[in-house]
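Chemist: TSV, C-alpha atoms, file entry-v7.tsv:
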```
chain	number	residue	atom	x	y	z
A	1	MET	CA	50.83	-54.13	-41.75
A	2	ALA	CA	49.05	-53.77	-45.12
A	3	ARG	CA	45.33	-54.32	-45.17
A	4	ARG	CA	43.89	-57.03	-47.31
A	5	TYR	CA	40.64	-56.43	-49.13
A	6	LYS	CA	38.38	-59.30	-50.03
A	7	LYS	CA	37.10	-59.29	-53.59
A	8	TYR	CA	33.36	-59.81	-53.69
A	9	ASP	CA	31.60	-61.31	-56.69
A	10	ASP	CA	28.20	-59.66	-57.00
A	11	GLY	CA	27.24	-61.91	-59.95
A	12	SER	CA	27.23	-59.07	-62.53
A	13	GLU	CA	29.43	-61.03	-64.95
A	14	GLU	CA	27.04	-63.98	-64.87
A	15	LEU	CA	24.08	-61.66	-65.51
A	16	ILE	CA	25.82	-60.10	-68.51
A	17	GLY	CA	26.62	-63.53	-69.86
A	18	LEU	CA	23.01	-64.67	-69.45
A	19	PHE	CA	21.79	-61.50	-71.14
A	20	ILE	CA	24.10	-62.05	-74.12
A	21	MET	CA	23.00	-65.67	-74.42
A	22	ALA	CA	19.37	-64.60	-74.30
A	23	MET	CA	19.91	-62.02	-77.05
A	24	ILE	CA	21.69	-64.58	-79.23
A	25	GLY	CA	18.80	-66.99	-78.67
A	26	MET	CA	16.22	-64.36	-79.64
A	27	ILE	CA	18.16	-63.42	-82.80
A	28	TYR	CA	18.54	-67.07	-83.75
A	29	SER	CA	14.83	-67.68	-83.18
A	30	PHE	CA	13.92	-64.63	-85.29
A	31	LEU	CA	16.26	-65.66	-88.11
A	32	LYS	CA	14.93	-69.19	-88.03
A	33	GLN	CA	11.32	-68.05	-88.19
A	34	TYR	CA	11.64	-65.09	-90.58
A	35	TRP	CA	14.68	-66.05	-92.67
A	36	TRP	CA	12.70	-65.64	-95.90
A	37	ILE	CA	11.93	-61.98	-95.11
A	38	ILE	CA	15.62	-61.29	-94.48
A	39	LEU	CA	16.54	-63.11	-97.70
A	40	ILE	CA	14.09	-60.97	-99.71
A	41	VAL	CA	15.51	-57.77	-98.18
A	42	VAL	CA	19.08	-58.87	-99.01
A	43	ILE	CA	18.09	-59.77	-102.58
A	44	LEU	CA	16.38	-56.38	-103.06
A	45	ILE	CA	19.46	-54.56	-101.78
A	46	VAL	CA	21.72	-56.53	-104.13
A	47	ILE	CA	19.38	-55.86	-107.08
A	48	TYR	CA	19.34	-52.13	-106.27
A	49	LEU	CA	23.15	-52.00	-106.09
A	50	LEU	CA	23.46	-53.86	-109.41
A	51	VAL	CA	20.93	-51.58	-111.14
A	52	ARG	CA	22.67	-48.52	-109.70
A	53	LEU	CA	26.02	-49.86	-110.94
A	54	ILE	CA	24.64	-50.46	-114.45
A	55	ILE	CA	23.15	-46.95	-114.54
A	56	ASP	CA	26.43	-45.40	-113.40
A	57	LEU	CA	28.44	-47.34	-115.98
A	58	ASP	CA	26.13	-45.98	-118.71
A	59	LEU	CA	27.07	-48.87	-121.03
A	60	LYS	CA	24.95	-47.63	-123.96
A	61	GLY	CA	25.99	-44.00	-123.60
A	62	THR	CA	28.32	-42.43	-126.17
A	63	LEU	CA	29.75	-39.75	-123.86
A	64	LYS	CA	32.81	-41.66	-122.67
A	65	GLU	CA	35.48	-38.95	-122.78
A	66	PRO	CA	35.89	-35.16	-122.65
A	67	LYS	CA	34.47	-33.29	-125.65
A	68	VAL	CA	34.59	-29.63	-126.61
A	69	TYR	CA	30.92	-28.76	-127.13
A	70	PHE	CA	31.39	-25.04	-127.75
A	71	ASP	CA	34.53	-23.00	-128.38
A	72	GLY	CA	33.94	-19.26	-128.56
A	73	ASP	CA	36.24	-16.78	-130.22
A	74	SER	CA	35.53	-13.52	-128.37
A	75	ASN	CA	39.12	-13.34	-127.05
A	76	LYS	CA	40.51	-13.90	-130.52
A	77	ARG	CA	38.30	-11.21	-132.01
A	78	TYR	CA	39.14	-8.79	-129.19
A	79	LEU	CA	42.85	-9.44	-129.77
A	80	GLU	CA	42.44	-8.66	-133.47
A	81	LYS	CA	40.73	-5.40	-132.51
A	82	LEU	CA	43.53	-4.43	-130.11
A	83	GLN	CA	46.19	-5.22	-132.70
A	84	LEU	CA	44.83	-2.51	-134.98
A	85	ASP	CA	46.82	-0.14	-132.74
A	86	LYS	CA	49.56	-2.26	-131.20
A	87	GLU	CA	51.50	0.65	-129.73
A	88	LEU	CA	48.54	2.08	-127.84
A	89	ASN	CA	47.21	-1.28	-126.69
A	90	ASN	CA	50.52	-3.09	-126.04
A	91	THR	CA	49.86	-3.72	-122.32
A	92	LYS	CA	46.34	-5.01	-122.98
A	93	ILE	CA	47.62	-7.25	-125.78
A	94	ILE	CA	50.26	-8.83	-123.51
A	95	LYS	CA	47.72	-9.39	-120.73
A	96	LEU	CA	45.14	-10.87	-123.11
A	97	LYS	CA	47.67	-13.22	-124.75
A	98	ARG	CA	48.81	-14.37	-121.31
A	99	GLY	CA	45.22	-15.13	-120.37
A	100	MET	CA	44.61	-17.02	-123.63
A	101	ILE	CA	47.72	-19.16	-123.03
A	102	GLY	CA	46.42	-19.99	-119.54
A	103	GLU	CA	43.02	-21.00	-120.94
A	104	GLN	CA	44.68	-23.32	-123.47
A	105	ARG	CA	46.65	-24.97	-120.66
A	106	LEU	CA	43.45	-25.52	-118.73
A	107	LEU	CA	41.66	-26.86	-121.81
A	108	TYR	CA	44.55	-29.25	-122.52
A	109	ASN	CA	44.35	-30.48	-118.94
A	110	LEU	CA	40.60	-31.11	-119.21
A	111	LEU	CA	40.88	-32.94	-122.53
A	112	ASN	CA	43.56	-35.27	-121.20
A	113	THR	CA	41.35	-36.89	-118.56
A	114	ASN	CA	39.08	-39.93	-118.65
A	115	ILE	CA	36.12	-38.02	-117.22
A	116	PRO	CA	33.13	-37.90	-119.62
A	117	MET	CA	32.22	-34.23	-119.96
A	118	TYR	CA	31.08	-31.53	-122.34
A	119	ILE	CA	33.38	-28.50	-122.31
A	120	MET	CA	32.16	-25.02	-123.25
A	121	HIS	CA	34.90	-22.42	-123.60
A	122	ASP	CA	34.72	-18.62	-123.81
A	123	LEU	CA	31.07	-17.78	-123.27
A	124	GLN	CA	29.60	-14.30	-122.89
A	125	LEU	CA	26.30	-14.91	-121.15
A	126	SER	CA	23.60	-12.28	-120.80
A	127	CYS	CA	20.29	-12.59	-118.96
A	128	ASP	CA	17.89	-9.82	-117.91
A	129	GLY	CA	20.57	-7.13	-117.89
A	130	LEU	CA	23.25	-9.23	-116.18
A	131	LYS	CA	26.33	-10.09	-118.24
A	132	SER	CA	29.41	-12.17	-117.59
A	133	GLN	CA	32.30	-13.58	-119.62
A	134	ILE	CA	32.88	-17.16	-118.43
A	135	ASP	CA	36.06	-18.97	-119.41
A	136	PHE	CA	34.71	-22.50	-119.03
A	137	ILE	CA	31.48	-24.29	-118.19
A	138	ILE	CA	31.95	-28.02	-117.70
A	139	VAL	CA	28.91	-30.31	-117.68
A	140	THR	CA	29.30	-33.97	-116.66
A	141	LYS	CA	26.75	-36.71	-116.04
A	142	ARG	CA	26.92	-35.82	-112.36
A	143	SER	CA	27.94	-32.17	-111.93
A	144	VAL	CA	28.38	-28.71	-113.42
A	145	TYR	CA	31.54	-26.61	-112.96
A	146	LEU	CA	32.20	-22.91	-113.66
A	147	LEU	CA	35.91	-22.29	-114.16
A	148	GLU	CA	37.64	-18.91	-114.18
A	149	SER	CA	41.17	-19.20	-115.60
A	150	LYS	CA	43.91	-16.97	-114.13
A	151	ASN	CA	47.42	-17.09	-115.57
A	152	LEU	CA	49.10	-15.06	-112.81
A	153	TYR	CA	52.85	-14.63	-112.65
A	154	GLY	CA	54.41	-14.88	-109.20
A	155	ASN	CA	53.15	-16.59	-106.07
A	156	LEU	CA	49.84	-15.89	-104.40
A	157	ASP	CA	49.29	-15.20	-100.69
A	158	ILE	CA	45.70	-15.42	-99.49
A	159	GLU	CA	45.12	-13.69	-96.16
A	160	ASN	CA	42.50	-14.71	-93.60
A	161	ASP	CA	40.23	-11.81	-94.62
A	162	GLY	CA	40.44	-12.73	-98.31
A	163	THR	CA	43.07	-10.15	-99.30
A	164	LEU	CA	45.19	-11.44	-102.19
A	165	THR	CA	48.84	-10.49	-102.59
A	166	ARG	CA	51.00	-11.44	-105.56
A	167	ARG	CA	54.71	-11.91	-104.87
A	168	ILE	CA	57.45	-11.88	-107.50
A	169	GLY	CA	60.71	-12.19	-105.58
A	170	LYS	CA	60.70	-9.39	-103.00
A	171	TYR	CA	58.10	-7.44	-104.94
A	172	LYS	CA	54.56	-7.55	-103.49
A	173	LYS	CA	51.36	-6.17	-104.91
A	174	GLY	CA	47.72	-6.53	-103.96
A	175	ILE	CA	45.46	-7.83	-106.71
A	176	LYS	CA	41.73	-7.87	-107.31
A	177	ASN	CA	40.05	-10.86	-105.72
A	178	PRO	CA	39.18	-13.26	-108.60
A	179	LEU	CA	36.29	-14.62	-106.52
A	180	THR	CA	34.52	-11.32	-107.16
A	181	GLN	CA	34.51	-12.16	-110.86
A	182	SER	CA	33.36	-15.70	-110.07
A	183	LYS	CA	30.44	-14.22	-108.12
A	184	GLN	CA	29.38	-12.33	-111.26
A	185	HIS	CA	29.39	-15.62	-113.14
A	186	GLU	CA	27.25	-17.23	-110.45
A	187	ASN	CA	24.72	-14.38	-110.52
A	188	VAL	CA	24.18	-14.81	-114.28
A	189	ILE	CA	24.02	-18.61	-114.03
A	190	ASP	CA	21.52	-18.41	-111.16
A	191	LYS	CA	19.40	-16.01	-113.20
A	192	ILE	CA	19.41	-18.34	-116.21
A	193	LEU	CA	18.59	-21.43	-114.13
A	194	LYS	CA	15.73	-19.63	-112.40
A	195	LYS	CA	14.34	-18.33	-115.70
A	196	GLU	CA	14.55	-21.78	-117.30
A	197	LYS	CA	13.16	-23.42	-114.12
A	198	ILE	CA	16.12	-25.80	-113.89
A	199	LYS	CA	17.32	-27.03	-110.53
A	200	ILE	CA	20.98	-28.03	-110.64
A	201	LYS	CA	23.88	-27.37	-108.31
A	202	TYR	CA	27.29	-26.30	-109.55
A	203	ASP	CA	30.82	-25.67	-108.30
A	204	SER	CA	32.49	-22.34	-109.07
A	205	LEU	CA	36.31	-22.39	-109.10
A	206	VAL	CA	39.20	-20.07	-109.88
A	207	VAL	CA	41.99	-22.06	-111.56
A	208	LEU	CA	45.56	-20.75	-111.48
A	209	THR	CA	47.17	-21.95	-114.70
A	210	ASN	CA	50.78	-20.83	-114.16
A	211	ASP	CA	52.54	-24.09	-113.25
A	212	ASP	CA	55.52	-22.23	-111.73
A	213	ALA	CA	53.40	-20.41	-109.15
A	214	TYR	CA	52.11	-21.67	-105.82
A	215	ILE	CA	49.32	-20.60	-103.49
A	216	ASN	CA	50.00	-19.81	-99.84
A	217	PHE	CA	46.79	-20.00	-97.81
A	218	LYS	CA	46.92	-18.37	-94.39
A	219	LYS	CA	45.73	-20.42	-91.43
A	220	ASN	CA	42.11	-19.24	-91.36
A	221	ALA	CA	41.60	-18.82	-95.10
A	222	VAL	CA	39.69	-22.13	-95.16
A	223	ASN	CA	36.86	-20.97	-97.41
A	224	TYR	CA	39.31	-20.03	-100.16
A	225	ARG	CA	40.93	-23.48	-100.27
A	226	GLU	CA	37.75	-24.84	-101.87
A	227	LYS	CA	37.42	-21.93	-104.33
A	228	ILE	CA	40.92	-21.28	-105.65
A	229	ILE	CA	42.93	-24.19	-107.04
A	230	ARG	CA	46.01	-24.86	-109.14
A	231	ASN	CA	45.60	-26.28	-112.63
A	232	ASP	CA	47.46	-29.48	-111.71
A	233	LYS	CA	45.02	-30.10	-108.84
A	234	LEU	CA	41.85	-29.45	-110.83
A	235	ILE	CA	41.41	-32.96	-112.26
A	236	GLU	CA	42.05	-34.47	-108.84
A	237	PHE	CA	39.31	-32.22	-107.43
A	238	ILE	CA	36.82	-33.08	-110.20
A	239	THR	CA	37.61	-36.82	-110.05
A	240	LYS	CA	37.03	-36.87	-106.30
A	241	LYS	CA	33.81	-34.88	-106.68
A	242	GLU	CA	32.50	-37.12	-109.46
A	243	GLY	CA	33.28	-40.27	-107.47
A	244	LYS	CA	30.96	-39.22	-104.66
A	245	LYS	CA	27.86	-39.01	-106.85
A	246	HIS	CA	25.72	-41.39	-108.86
A	247	ARG	CA	25.03	-40.55	-112.50
A	248	LEU	CA	22.24	-38.00	-112.59
A	249	ARG	CA	21.81	-37.51	-116.33
A	250	ASN	CA	22.47	-39.13	-119.70
A	251	GLU	CA	24.28	-37.55	-122.65
A	252	GLN	CA	21.15	-35.96	-124.08
A	253	GLN	CA	20.42	-34.32	-120.73
A	254	VAL	CA	24.03	-33.10	-120.55
A	255	LYS	CA	23.60	-31.66	-124.03
A	256	ASN	CA	20.30	-30.00	-123.05
A	257	ILE	CA	21.99	-28.19	-120.17
A	258	CYS	CA	24.74	-26.96	-122.51
A	259	ASP	CA	22.18	-25.77	-125.06
A	260	THR	CA	20.28	-23.92	-122.34
A	261	PHE	CA	23.37	-21.89	-121.46
A	262	LEU	CA	24.18	-21.29	-125.13
A	263	LYS	CA	20.74	-19.73	-125.61
A	264	TYR	CA	22.04	-16.84	-123.50
A	265	ASN	CA	25.41	-16.53	-125.23
A	266	ASP	CA	25.60	-12.84	-126.06
A	267	ILE	CA	27.99	-12.98	-129.02
A	268	ASN	CA	26.06	-11.39	-131.89
A	269	LEU	CA	22.87	-12.37	-130.08
A	270	GLU	CA	20.87	-9.78	-132.00
A	271	ASN	CA	21.88	-11.49	-135.25
A	272	ASN	CA	20.76	-14.98	-134.27
A	273	GLU	CA	17.24	-14.63	-135.67
A	274	GLU	CA	18.58	-13.28	-138.94
A	275	LEU	CA	21.09	-16.13	-139.12
A	276	LYS	CA	18.30	-18.62	-138.47
A	277	LYS	CA	16.20	-17.10	-141.27
A	278	GLU	CA	19.06	-17.24	-143.77
A	279	LEU	CA	19.97	-20.83	-142.90
A	280	ARG	CA	16.31	-21.85	-143.20
A	281	GLU	CA	16.05	-20.14	-146.61
A	282	TRP	CA	19.30	-21.75	-147.78
A	283	ARG	CA	17.93	-25.13	-146.69
A	284	ARG	CA	14.66	-24.52	-148.56
A	285	VAL	CA	16.44	-23.58	-151.79
A	286	LYS	CA	18.88	-26.49	-151.49
A	287	ALA	CA	15.97	-28.92	-150.95
A	288	LEU	CA	14.17	-27.59	-154.07
A	289	ILE	CA	17.31	-28.00	-156.18
A	290	GLU	CA	17.85	-31.56	-154.99
A	291	GLY	CA	14.15	-32.47	-155.08
A	292	VAL	CA	13.98	-33.60	-151.45
A	293	GLN	CA	12.19	-32.53	-148.28
A	294	ALA	CA	13.92	-29.74	-146.34
A	295	TYR	CA	14.50	-31.94	-143.28
A	296	ILE	CA	16.68	-34.24	-145.42
A	297	ILE	CA	19.22	-31.40	-145.69
A	298	PHE	CA	19.01	-30.92	-141.92
A	299	ASN	CA	16.09	-30.83	-139.48
A	300	ASP	CA	14.97	-28.01	-137.17
A	301	LEU	CA	16.92	-29.39	-134.20
A	302	THR	CA	20.11	-29.23	-136.24
A	303	LEU	CA	19.17	-25.72	-137.39
A	304	ASP	CA	18.78	-24.56	-133.78
A	305	GLU	CA	22.13	-26.11	-132.84
A	306	LEU	CA	23.85	-24.38	-135.77
A	307	VAL	CA	22.52	-21.03	-134.55
A	308	LEU	CA	23.49	-21.74	-130.93
A	309	LYS	CA	27.02	-23.02	-131.55
A	310	GLN	CA	27.80	-21.13	-134.78
A	311	PRO	CA	30.64	-23.39	-135.99
A	312	THR	CA	33.22	-21.67	-138.18
A	313	THR	CA	35.37	-24.66	-139.19
A	314	LEU	CA	34.57	-28.00	-140.80
A	315	GLU	CA	35.85	-29.77	-137.69
A	316	GLN	CA	33.45	-27.82	-135.48
A	317	LEU	CA	30.64	-28.49	-137.94
A	318	LYS	CA	31.14	-32.24	-137.51
A	319	GLN	CA	30.20	-31.84	-133.84
A	320	ILE	CA	26.68	-30.70	-134.77
A	321	ASN	CA	24.06	-33.43	-134.37
A	322	GLY	CA	22.60	-34.43	-137.73
A	323	ILE	CA	25.61	-33.36	-139.79
A	324	GLY	CA	27.99	-36.22	-140.53
A	325	ASP	CA	31.08	-36.42	-142.72
A	326	PHE	CA	29.04	-36.68	-145.93
A	327	LYS	CA	27.04	-33.50	-145.26
A	328	VAL	CA	30.14	-31.66	-144.06
A	329	GLN	CA	31.84	-32.46	-147.33
A	330	LYS	CA	28.76	-31.59	-149.39
A	331	TYR	CA	27.40	-28.52	-147.61
A	332	GLY	CA	30.05	-27.54	-145.05
A	333	ASN	CA	31.70	-24.59	-146.76
A	334	GLU	CA	28.37	-23.02	-147.74
A	335	ILE	CA	26.99	-23.29	-144.19
A	336	ILE	CA	30.16	-21.85	-142.65
A	337	GLU	CA	30.16	-18.98	-145.15
A	338	ILE	CA	26.66	-18.04	-144.00
A	339	ILE	CA	27.49	-18.31	-140.26
A	340	ILE	CA	30.66	-16.20	-140.51
A	341	LYS	CA	28.63	-13.24	-141.78
A	342	TYR	CA	26.79	-13.09	-138.44
A	343	ARG	CA	29.71	-13.48	-136.04
```
Just give me the structure of the file as structure tokens.

Modeler:
Amino acid sequence: MARRYKKYDDGSEELIGLFIMAMIGMIYSFLKQYWWIILIVVILIVIYLLVRLIIDLDLKGTLKEPKVYFDGDSNKRYLEKLQLDKELNNTKIIKLKRGMIGEQRLLYNLLNTNIPMYIMHDLQLSCDGLKSQIDFIIVTKRSVYLLESKNLYGNLDIENDGTLTRRIGKYKKGIKNPLTQSKQHENVIDKILKKEKIKIKYDSLVVLTNDDAYINFKKNAVNYREKIIRNDKLIEFITKKEGKKHRLRNEQQVKNICDTFLKYNDINLENNEELKKELREWRRVKALIEGVQAYIIFNDLTLDELVLKQPTTLEQLKQINGIGDFKVQKYGNEIIEIIIKYR
């Protein structure tokens, strides 16, 4: 015969109910007595969120889309040098052209986004003995990105220990880890930031620009997933990164960061002072001829930017602050003629 157990009610449910009712009563009493304090706190939170939203929207800012702030020509000049002896340098020429095609793909991808950014392409930075050729530095209102472009043919296997293998059909070959090159970039950037006493964080990425290739990450190669990325995934990565941050700087501050890096651009660095002297003298003579003050031709800030960016086309010259269409038409060819002598 089955035993029957009597269910005892120890009153715990009633106690819980009384406790909940008591808590509700206390909260109601507090709200009734101090409702104005809560209202003020809510209003302050709403005001903060609205102000933060207005700041992030940057309604008065002019940086609303991607812009090329600096476009170097070291690869182009190196290619011209190699082509002086095409037979001897044929392999290097093919490799360099392949790399240049990859960089143009990456640049096209960056320019066809709605992310406000300044793009600097093909920099050769030098600081206190450290040197590095950096394909791209991207500066947004929220972040800074160092991009190393790699136009590799074949598919890429990344082992757990970081070994990279390139596969073309059945053919396999180990390749130099591109993150080693990225580390050189980071060392120079860190040196510059420390010397300039600037505290900013940046992301350093290797971008594979061959759309026909894929990356195969081994199970434990987690660290490499955040460092090596396909070109078609780059904008998704940047968009996601930008969406997590509030706006940290306005356009002028973005420009200041770019100019800081350009100060250390090593292309004809030894000639920069001579270029500055000649441009200043040209400005002085031009001002005397026209009977105006020298700053009317262009001011010292514009002079510094001309030396830093060294534009060699009228279109590039238009990107210099203080030189509009009128001055480009009037002085453009003369200014470019001077700059080309020092590149």

Chemist: Determine, counting only C-alpha atoms, every residue of protein, DNA or RNA that lies within 12 Å of (29.1, -7.4, -119.6) in the file coordinates, then give the result as a PyMOL selection string.

Modeler: chain A and resi 123-134+181+184-185+188+265-267

Chemist: Would you save the residues from that selection as a PDB file, keeping the file's coordinate frame, using C-alpha atoms?

Modeler:
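As written to disk, out_12.pdb reads:
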```
ATOM      1  CA  LEU A 123      31.070 -17.780-123.270  1.00  0.00           C
ATOM      2  CA  GLN A 124      29.600 -14.300-122.890  1.00  0.00           C
ATOM      3  CA  LEU A 125      26.300 -14.910-121.150  1.00  0.00           C
ATOM      4  CA  SER A 126      23.600 -12.280-120.800  1.00  0.00           C
ATOM      5  CA  CYS A 127      20.290 -12.590-118.960  1.00  0.00           C
ATOM      6  CA  ASP A 128      17.890  -9.820-117.910  1.00  0.00           C
ATOM      7  CA  GLY A 129      20.570  -7.130-117.890  1.00  0.00           C
ATOM      8  CA  LEU A 130      23.250  -9.230-116.180  1.00  0.00           C
ATOM      9  CA  LYS A 131      26.330 -10.090-118.240  1.00  0.00           C
ATOM     10  CA  SER A 132      29.410 -12.170-117.590  1.00  0.00           C
ATOM     11  CA  GLN A 133      32.300 -13.580-119.620  1.00  0.00           C
ATOM     12  CA  ILE A 134      32.880 -17.160-118.430  1.00  0.00           C
ATOM     13  CA  GLN A 181      34.510 -12.160-110.860  1.00  0.00           C
ATOM     14  CA  GLN A 184      29.380 -12.330-111.260  1.00  0.00           C
ATOM     15  CA  HIS A 185      29.390 -15.620-113.140  1.00  0.00           C
ATOM     16  CA  VAL A 188      24.180 -14.810-114.280  1.00  0.00           C
ATOM     17  CA  ASN A 265      25.410 -16.530-125.230  1.00  0.00           C
ATOM     18  CA  ASP A 266      25.600 -12.840-126.060  1.00  0.00           C
ATOM     19  CA  ILE A 267      27.990 -12.980-129.020  1.00  0.00           C
TER      20      ILE A 267
END
```

Chemist: Can you work out the spacing between CA of Met100 in chain A and CA of Met120 in chain A in Å, to one decimal?

Modeler: 14.8 Å

Chemist: Please provide the set of residues having any atom within 7 Å of range 105-112 of chain A, restricted to all atoms listed in the file, with same-chain residues fewer than 6 positions apart removed, written as a CSV table (one decimal) with C-alpha atoms, keeping the file's coordinate frame.

Modeler:
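Final file, selection.csv:
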```
chain,number,residue,atom,x,y,z
A,66,PRO,CA,35.9,-35.2,-122.6
A,209,THR,CA,47.2,-22.0,-114.7
A,231,ASN,CA,45.6,-26.3,-112.6
```

Chemist: Which residue, A:Tyr145, A:Phe70, A:Phe19, A:Phe136, has the smallest gap to Glu242 in chain A when you use all atoms listed in the file?

Modeler: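 When distances to Glu242 in chain A are compared using all atoms listed in the file, the smallest one comes from A:Tyr145.
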
Chemist: Residues at most 12 Å from Glu196 in chain A, counting only C-alpha atoms, excluding those fewer than 4 positions away in the same chain, as a PyMOL selection string?

Modeler: chain A and resi 127+189-192+200+256-257+259-261+263-264

Chemist: Rank nothing, just name the residue among A:Leu152, A:Asn114, A:Lys219, A:Leu275 nearest to Glu236 in chain A, using all atoms listed in the file.

Modeler: A:Asn114

Chemist: Using all atoms listed in the file, find the one residue out of A:Ser149, A:Gly243, A:Val292, A:Leu303 that sits nearest to Ile229 in chain A.

Modeler: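 Nearest candidate to Ile229 in chain A out of A:Ser149, A:Gly243, A:Val292, A:Leu303: A:Ser149.
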
Chemist: What's the separation between CA of Ile168 in chain A and CA of Gly154 in chain A, in Å to one decimal place?

Modeler: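 Computing the Euclidean distance for CA of Ile168 in chain A and CA of Gly154 in chain A yields 4.6 Å.
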
Chemist: What are the closest atom pairs, with distances in Å to one decimal, for all residues of range 60-86 of chain A lying within 9 Å of range 310-333 of chain A? Consider all atoms listed in the file, order rows by chain and residue number, and present the result as CSV.

Modeler:
```
residue,atom,partner,partner_atom,distance
A:Val68,CA,A:Gln319,CA,8.7
A:Tyr69,CA,A:Gln319,CA,7.4
A:Phe70,CA,A:Pro311,CA,8.4
A:Asp71,CA,A:Pro311,CA,8.6
A:Gly72,CA,A:Gln310,CA,8.9
```

Chemist: Would you place a box with edges along x, y and z of the file around all atoms of range 111-130 of chain A listed there, add 5 Å to each of its six sides, and report the centre and edge lengths in Å to one decimal, as AutoDock Vina command-line options?

Modeler:
```
--center_x 30.7 --center_y -23.5 --center_z -120.0 --size_x 35.7 --size_y 42.8 --size_z 17.6
```

Chemist: Kindly give the distance, in Å, that separates CA of Lys76 in chain A and CA of Leu306 in chain A, rounded to a single decimal.

Modeler: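 That distance, rounded to one decimal, is 20.4 Å.
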
Chemist: Choose the residue, out of A:Gln104, A:Gln33, A:Thr91, A:Thr140, that has the smallest atom-to-atom separation from Gln253 in chain A; count all atoms listed in the file.

Modeler: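 Checking each candidate against Gln253 in chain A, we get A:Thr140 as the closest.
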
Chemist: Quick one: residues within 12 Å of Asn155 in chain A, all atoms listed in the file, excluding same-chain residues fewer than 4 positions away - as a PyMOL selection string?

Modeler: chain A and resi 151+164-175+208-217+230

Chemist: Every residue with an atom at most 9 Å from (42.8, -13.0, -125.9) (file coordinates; all atoms listed in the file) is what I'm after, so could you write them as a list of chain:residue names?

Modeler: A:Asp73, A:Ser74, A:Asn75, A:Lys76, A:Arg77, A:Tyr78, A:Leu79, A:Glu80, A:Ile93, A:Ile94, A:Lys95, A:Leu96, A:Lys97, A:Arg98, A:Gly99, A:Met100, A:Ile101

Chemist: Under the rule that only C-alpha atoms are counted, which of A:Ile339, A:Leu88, A:Leu146, A:Leu18 is the nearest residue to Lys276 in chain A?

Modeler: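 Of A:Ile339, A:Leu88, A:Leu146, A:Leu18, the one nearest Lys276 in chain A is A:Ile339, counting only C-alpha atoms.
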
Chemist: Which is closer to Glu65 in chain A than all the others in A:Phe30, A:Thr113, A:Lys92, A:Met21, using only C-alpha atoms?

Modeler: A:Thr113
